[in-house]
file input24.cif (mmCIF, N, CA and C atoms and all ligand atoms)
data_structure
loop_
_atom_site.label_atom_id
_atom_site.label_comp_id
_atom_site.auth_asym_id
_atom_site.auth_seq_id
_atom_site.Cartn_x
_atom_site.Cartn_y
_atom_site.Cartn_z
N MET A 1 34.23 -75.29 -104.84
CA MET A 1 33.68 -74.31 -103.90
C MET A 1 32.62 -73.45 -104.58
N TYR A 2 32.90 -73.00 -105.77
CA TYR A 2 31.97 -72.16 -106.51
C TYR A 2 30.67 -72.90 -106.80
N LEU A 3 30.79 -74.16 -107.26
CA LEU A 3 29.61 -74.97 -107.57
C LEU A 3 28.80 -75.20 -106.30
N PHE A 4 29.47 -75.44 -105.21
CA PHE A 4 28.79 -75.68 -103.94
C PHE A 4 27.96 -74.45 -103.54
N LEU A 5 28.51 -73.27 -103.72
CA LEU A 5 27.78 -72.04 -103.38
C LEU A 5 26.53 -71.90 -104.24
N PHE A 6 26.64 -72.31 -105.49
CA PHE A 6 25.51 -72.21 -106.39
C PHE A 6 24.39 -73.18 -105.99
N LYS A 7 24.77 -74.35 -105.53
CA LYS A 7 23.78 -75.38 -105.20
C LYS A 7 23.06 -75.06 -103.89
N ASP A 8 23.73 -74.43 -102.97
CA ASP A 8 23.15 -74.23 -101.64
C ASP A 8 22.98 -72.73 -101.37
N ASN A 9 21.80 -72.21 -101.72
CA ASN A 9 21.56 -70.77 -101.56
C ASN A 9 21.59 -70.34 -100.10
N ASN A 10 21.17 -71.23 -99.20
CA ASN A 10 21.20 -70.90 -97.78
C ASN A 10 22.63 -70.63 -97.32
N PHE A 11 23.54 -71.44 -97.84
CA PHE A 11 24.95 -71.26 -97.47
C PHE A 11 25.45 -69.88 -97.92
N VAL A 12 25.04 -69.48 -99.12
CA VAL A 12 25.45 -68.17 -99.65
C VAL A 12 24.89 -67.06 -98.76
N LEU A 13 23.62 -67.19 -98.39
CA LEU A 13 22.98 -66.18 -97.55
C LEU A 13 23.68 -66.07 -96.20
N LYS A 14 23.97 -67.23 -95.60
CA LYS A 14 24.64 -67.23 -94.30
C LYS A 14 26.02 -66.59 -94.41
N THR A 15 26.70 -66.87 -95.49
CA THR A 15 28.03 -66.30 -95.69
C THR A 15 27.94 -64.78 -95.80
N GLU A 16 26.94 -64.31 -96.53
CA GLU A 16 26.77 -62.86 -96.69
C GLU A 16 26.49 -62.19 -95.34
N ILE A 17 25.66 -62.83 -94.52
CA ILE A 17 25.35 -62.28 -93.20
C ILE A 17 26.61 -62.23 -92.35
N ARG A 18 27.41 -63.30 -92.42
CA ARG A 18 28.64 -63.33 -91.64
C ARG A 18 29.58 -62.20 -92.07
N ILE A 19 29.68 -61.97 -93.38
CA ILE A 19 30.55 -60.91 -93.89
C ILE A 19 30.04 -59.55 -93.40
N PHE A 20 28.71 -59.35 -93.43
CA PHE A 20 28.12 -58.10 -92.98
C PHE A 20 28.46 -57.85 -91.50
N VAL A 21 28.27 -58.87 -90.68
CA VAL A 21 28.55 -58.73 -89.25
C VAL A 21 30.02 -58.44 -89.04
N PHE A 22 30.88 -59.11 -89.79
CA PHE A 22 32.32 -58.89 -89.66
C PHE A 22 32.67 -57.43 -89.94
N PHE A 23 32.11 -56.88 -91.03
CA PHE A 23 32.44 -55.51 -91.38
C PHE A 23 31.88 -54.52 -90.37
N LYS A 24 30.70 -54.84 -89.84
CA LYS A 24 30.10 -53.96 -88.84
C LYS A 24 30.98 -53.91 -87.59
N LEU A 25 31.42 -55.06 -87.14
CA LEU A 25 32.29 -55.12 -85.96
C LEU A 25 33.61 -54.42 -86.25
N ASP A 26 34.14 -54.65 -87.44
CA ASP A 26 35.41 -54.06 -87.82
C ASP A 26 35.30 -52.54 -87.83
N LYS A 27 34.18 -52.02 -88.34
CA LYS A 27 33.99 -50.57 -88.38
C LYS A 27 33.92 -50.01 -86.95
N ASN A 28 33.19 -50.71 -86.07
CA ASN A 28 33.09 -50.26 -84.69
C ASN A 28 34.46 -50.24 -84.02
N THR A 29 35.24 -51.26 -84.28
CA THR A 29 36.58 -51.34 -83.71
C THR A 29 37.41 -50.18 -84.22
N PHE A 30 37.28 -49.90 -85.52
CA PHE A 30 38.02 -48.80 -86.12
C PHE A 30 37.64 -47.47 -85.48
N MET A 31 36.34 -47.25 -85.32
CA MET A 31 35.87 -46.00 -84.73
C MET A 31 36.39 -45.84 -83.30
N GLU A 32 36.43 -46.95 -82.58
CA GLU A 32 36.93 -46.91 -81.22
C GLU A 32 38.41 -46.52 -81.22
N ASN A 33 39.15 -47.08 -82.16
CA ASN A 33 40.58 -46.80 -82.24
C ASN A 33 40.86 -45.35 -82.60
N THR A 34 40.05 -44.79 -83.50
CA THR A 34 40.33 -43.44 -83.96
C THR A 34 40.18 -42.43 -82.83
N LYS A 35 39.41 -42.77 -81.81
CA LYS A 35 39.24 -41.85 -80.69
C LYS A 35 40.54 -41.66 -79.92
N HIS A 36 41.43 -42.61 -80.02
CA HIS A 36 42.64 -42.57 -79.22
C HIS A 36 43.89 -42.36 -80.06
N THR A 37 43.72 -41.69 -81.17
CA THR A 37 44.85 -41.42 -82.04
C THR A 37 44.89 -39.93 -82.39
N CYS A 38 46.06 -39.48 -82.86
CA CYS A 38 46.18 -38.10 -83.33
C CYS A 38 45.19 -37.89 -84.48
N ILE A 39 44.48 -36.75 -84.46
CA ILE A 39 43.48 -36.49 -85.48
C ILE A 39 44.10 -36.32 -86.86
N VAL A 40 45.40 -36.03 -86.94
CA VAL A 40 46.04 -35.82 -88.23
C VAL A 40 46.75 -37.09 -88.71
N CYS A 41 47.69 -37.58 -87.92
CA CYS A 41 48.54 -38.69 -88.40
C CYS A 41 48.06 -40.06 -87.94
N LYS A 42 47.07 -40.09 -87.06
CA LYS A 42 46.45 -41.33 -86.59
C LYS A 42 47.38 -42.20 -85.74
N ARG A 43 48.52 -41.64 -85.31
CA ARG A 43 49.38 -42.42 -84.42
C ARG A 43 48.75 -42.46 -83.03
N ASP A 44 48.98 -43.56 -82.31
CA ASP A 44 48.34 -43.69 -81.00
C ASP A 44 49.33 -43.39 -79.88
N GLU A 45 48.82 -43.49 -78.66
CA GLU A 45 49.62 -43.11 -77.49
C GLU A 45 50.82 -44.02 -77.24
N ASN A 46 50.84 -45.16 -77.90
CA ASN A 46 52.01 -46.04 -77.79
C ASN A 46 53.14 -45.58 -78.69
N GLU A 47 52.83 -44.72 -79.66
CA GLU A 47 53.83 -44.25 -80.62
C GLU A 47 54.32 -42.84 -80.30
N VAL A 48 53.41 -41.99 -79.87
CA VAL A 48 53.74 -40.58 -79.59
C VAL A 48 52.93 -40.10 -78.40
N PRO A 49 53.42 -39.07 -77.69
CA PRO A 49 52.58 -38.47 -76.65
C PRO A 49 51.38 -37.79 -77.32
N LEU A 50 50.23 -37.88 -76.72
CA LEU A 50 49.04 -37.25 -77.30
C LEU A 50 48.46 -36.23 -76.33
N ILE A 51 48.13 -35.07 -76.86
CA ILE A 51 47.48 -34.02 -76.07
C ILE A 51 45.97 -34.20 -76.25
N VAL A 52 45.25 -34.25 -75.15
CA VAL A 52 43.80 -34.46 -75.21
C VAL A 52 43.10 -33.11 -75.19
N MET A 53 42.18 -32.92 -76.12
CA MET A 53 41.39 -31.68 -76.19
C MET A 53 39.92 -32.04 -76.13
N LYS A 54 39.13 -31.12 -75.68
CA LYS A 54 37.67 -31.32 -75.68
C LYS A 54 37.07 -30.31 -76.63
N TYR A 55 36.17 -30.80 -77.49
CA TYR A 55 35.53 -29.91 -78.45
C TYR A 55 34.17 -30.48 -78.82
N LYS A 56 33.14 -29.67 -78.63
CA LYS A 56 31.76 -30.06 -78.96
C LYS A 56 31.38 -31.41 -78.37
N GLY A 57 31.73 -31.59 -77.11
CA GLY A 57 31.35 -32.81 -76.41
C GLY A 57 32.19 -34.02 -76.76
N GLN A 58 33.22 -33.82 -77.58
CA GLN A 58 34.08 -34.94 -77.97
C GLN A 58 35.47 -34.75 -77.40
N GLU A 59 36.15 -35.85 -77.23
CA GLU A 59 37.56 -35.80 -76.87
C GLU A 59 38.38 -36.03 -78.12
N LEU A 60 39.25 -35.09 -78.41
CA LEU A 60 40.12 -35.22 -79.58
C LEU A 60 41.56 -35.30 -79.09
N ARG A 61 42.42 -35.94 -79.85
CA ARG A 61 43.83 -36.04 -79.48
C ARG A 61 44.69 -35.56 -80.63
N ILE A 62 45.80 -34.92 -80.28
CA ILE A 62 46.73 -34.47 -81.30
C ILE A 62 48.15 -34.65 -80.77
N CYS A 63 49.05 -35.03 -81.65
CA CYS A 63 50.44 -35.26 -81.23
C CYS A 63 51.21 -33.94 -81.31
N PRO A 64 52.36 -33.83 -80.64
CA PRO A 64 53.14 -32.58 -80.64
C PRO A 64 53.53 -32.11 -82.04
N GLN A 65 53.79 -33.04 -82.94
CA GLN A 65 54.18 -32.66 -84.31
C GLN A 65 53.05 -31.96 -85.05
N HIS A 66 51.81 -32.21 -84.65
CA HIS A 66 50.68 -31.62 -85.37
C HIS A 66 49.99 -30.49 -84.63
N VAL A 67 50.48 -30.16 -83.44
CA VAL A 67 49.93 -28.98 -82.73
C VAL A 67 50.09 -27.71 -83.58
N PRO A 68 51.23 -27.51 -84.28
CA PRO A 68 51.35 -26.32 -85.14
C PRO A 68 50.28 -26.24 -86.23
N VAL A 69 49.82 -27.38 -86.71
CA VAL A 69 48.73 -27.37 -87.70
C VAL A 69 47.47 -26.80 -87.06
N LEU A 70 47.19 -27.24 -85.85
CA LEU A 70 46.01 -26.75 -85.13
C LEU A 70 46.08 -25.24 -84.92
N ILE A 71 47.28 -24.73 -84.62
CA ILE A 71 47.44 -23.30 -84.32
C ILE A 71 47.53 -22.45 -85.58
N HIS A 72 48.40 -22.86 -86.50
CA HIS A 72 48.73 -21.99 -87.64
C HIS A 72 48.04 -22.34 -88.95
N ASP A 73 47.57 -23.55 -89.08
CA ASP A 73 46.99 -23.97 -90.36
C ASP A 73 45.77 -24.86 -90.15
N PRO A 74 44.81 -24.38 -89.35
CA PRO A 74 43.68 -25.25 -88.97
C PRO A 74 42.80 -25.67 -90.13
N GLN A 75 42.92 -25.01 -91.27
CA GLN A 75 42.10 -25.43 -92.42
C GLN A 75 42.46 -26.84 -92.89
N LYS A 76 43.67 -27.27 -92.53
CA LYS A 76 44.07 -28.65 -92.88
C LYS A 76 43.29 -29.68 -92.07
N LEU A 77 42.59 -29.21 -91.05
CA LEU A 77 41.81 -30.13 -90.21
C LEU A 77 40.38 -30.32 -90.73
N VAL A 78 40.03 -29.56 -91.77
CA VAL A 78 38.69 -29.70 -92.36
C VAL A 78 38.57 -31.13 -92.90
N GLY A 79 37.52 -31.79 -92.51
CA GLY A 79 37.31 -33.19 -92.90
C GLY A 79 37.83 -34.16 -91.86
N LEU A 80 38.68 -33.65 -90.97
CA LEU A 80 39.21 -34.50 -89.90
C LEU A 80 38.51 -34.22 -88.59
N VAL A 81 38.13 -32.95 -88.39
CA VAL A 81 37.44 -32.54 -87.17
C VAL A 81 36.17 -31.80 -87.56
N GLU A 82 35.06 -32.24 -86.99
CA GLU A 82 33.78 -31.59 -87.28
C GLU A 82 33.84 -30.12 -86.88
N GLY A 83 33.51 -29.22 -87.80
CA GLY A 83 33.48 -27.80 -87.49
C GLY A 83 34.83 -27.11 -87.68
N ALA A 84 35.83 -27.82 -88.20
CA ALA A 84 37.17 -27.24 -88.35
C ALA A 84 37.18 -26.08 -89.34
N GLU A 85 36.19 -26.01 -90.20
CA GLU A 85 36.13 -24.90 -91.17
C GLU A 85 35.93 -23.56 -90.45
N ASN A 86 35.50 -23.61 -89.20
CA ASN A 86 35.31 -22.37 -88.43
C ASN A 86 36.52 -22.00 -87.58
N PHE A 87 37.57 -22.83 -87.56
CA PHE A 87 38.77 -22.53 -86.79
C PHE A 87 39.52 -21.39 -87.47
N THR A 88 40.14 -20.53 -86.65
CA THR A 88 40.94 -19.45 -87.24
C THR A 88 42.41 -19.66 -86.86
N ALA A 89 43.29 -19.29 -87.76
CA ALA A 89 44.73 -19.43 -87.54
C ALA A 89 45.23 -18.39 -86.55
N GLY A 90 46.18 -18.82 -85.71
CA GLY A 90 46.74 -17.89 -84.73
C GLY A 90 48.12 -17.42 -85.11
ZN ZN A 101 50.01 -36.36 -85.39
#

call {"tool": "encode", "arguments": {"input": "input24.cif", "output": "structure tokens"}}
result
Amino acid sequence: MYLFLFKDNNFVLKTEIRIFVFFKLDKNTFMENTKHTCIVCKRDENEVPLIVMKYKGQELRICPQHVPVLIHDPQKLVGLVEGAENFTAG
């Protein structure tokens, strides 16, 4: 297999393109999935009930176990939610 790849550069190029397309599709699929999961634990609606919130034109979801984080410790959401550094604890 290795020797074959060396002999046929076109095959190597085609393989690289296929890998690139695969990762691009995979990333898109991942991004689509993250929209429907808890922003903290990433569990989806099949695993836990999710509360839907709207923020800066986006729909975010959070599970009941992580609502206290949103209320009392929102700094833990920095890096998970855009603009979370501006959230204040209640
Ligand atoms: Zn959660």

call {"tool": "closest_atom_pairs", "arguments": {"input": "input24.cif", "of": "chain A", "to": "ligand ZN 101 (chain A)", "cutoff": "6 Å", "atoms": "only C-alpha atoms and all ligand atoms", "output": "JSON lines"}}
result
{"residue": "A:Cys38", "atom": "CA", "partner": "A:ZN101", "partner_atom": "ZN", "distance": 4.7}
{"residue": "A:Val40", "atom": "CA", "partner": "A:ZN101", "partner_atom": "ZN", "distance": 4.9}
{"residue": "A:Cys41", "atom": "CA", "partner": "A:ZN101", "partner_atom": "ZN", "distance": 4.1}
{"residue": "A:Ile62", "atom": "CA", "partner": "A:ZN101", "partner_atom": "ZN", "distance": 5.6}
{"residue": "A:Cys63", "atom": "CA", "partner": "A:ZN101", "partner_atom": "ZN", "distance": 4.3}
{"residue": "A:Gln65", "atom": "CA", "partner": "A:ZN101", "partner_atom": "ZN", "distance": 5.7}
{"residue": "A:His66", "atom": "CA", "partner": "A:ZN101", "partner_atom": "ZN", "distance": 4.8}

call {"tool": "write_last_selection", "arguments": {"input": "input24.cif", "atoms": "N, CA and C atoms", "output": "short mmCIF file (atom, residue, chain, number, x, y, z; two decimals), in the frame of the given file"}}
result
data_model
loop_
_atom_site.label_atom_id
_atom_site.label_comp_id
_atom_site.auth_asym_id
_atom_site.auth_seq_id
_atom_site.Cartn_x
_atom_site.Cartn_y
_atom_site.Cartn_z
N CYS A 38 46.06 -39.48 -82.86
CA CYS A 38 46.18 -38.10 -83.33
C CYS A 38 45.19 -37.89 -84.48
N VAL A 40 45.40 -36.03 -86.94
CA VAL A 40 46.04 -35.82 -88.23
C VAL A 40 46.75 -37.09 -88.71
N CYS A 41 47.69 -37.58 -87.92
CA CYS A 41 48.54 -38.69 -88.40
C CYS A 41 48.06 -40.06 -87.94
N ILE A 62 45.80 -34.92 -80.28
CA ILE A 62 46.73 -34.47 -81.30
C ILE A 62 48.15 -34.65 -80.77
N CYS A 63 49.05 -35.03 -81.65
CA CYS A 63 50.44 -35.26 -81.23
C CYS A 63 51.21 -33.94 -81.31
N GLN A 65 53.79 -33.04 -82.94
CA GLN A 65 54.18 -32.66 -84.31
C GLN A 65 53.05 -31.96 -85.05
N HIS A 66 51.81 -32.21 -84.65
CA HIS A 66 50.68 -31.62 -85.37
C HIS A 66 49.99 -30.49 -84.63
#

call {"tool": "atom_distance", "arguments": {"input": "input24.cif", "atom1": "atom N of A:Thr88", "atom2": "atom CA of A:Glu47"}}
result
28.0 Å

call {"tool": "closest_residue", "arguments": {"input": "input24.cif", "among": "A:Gly90, A:Thr37, A:Leu70, A:Val81", "to": "A:Leu50", "atoms": "all atoms listed in the file"}}
result
A:Thr37

call {"tool": "atom_distance", "arguments": {"input": "input24.cif", "atom1": "atom N of A:Val48", "atom2": "atom C of A:Glu85"}}
result
27.5 Å

call {"tool": "atom_distance", "arguments": {"input": "input24.cif", "atom1": "atom CA of A:Asn46", "atom2": "atom CA of A:Phe87"}}
result
28.4 Å

call {"tool": "residues_near_point", "arguments": {"input": "input24.cif", "point": "(45.0, -30.8, -77.5)", "cutoff": "7 Å", "atoms": "all atoms listed in the file", "output": "VMD selection string"}}
result
chain A and resid 50 to 54 60 to 62

call {"tool": "axis_aligned_box", "arguments": {"input": "input24.cif", "around": "stretch 60-63 of chain A", "padding_each_side": "8 Å", "output": "JSON"}}
result
{"center_x": 45.2, "center_y": -35.0, "center_z": -80.0, "size_x": 28.0, "size_y": 18.1, "size_z": 19.2}
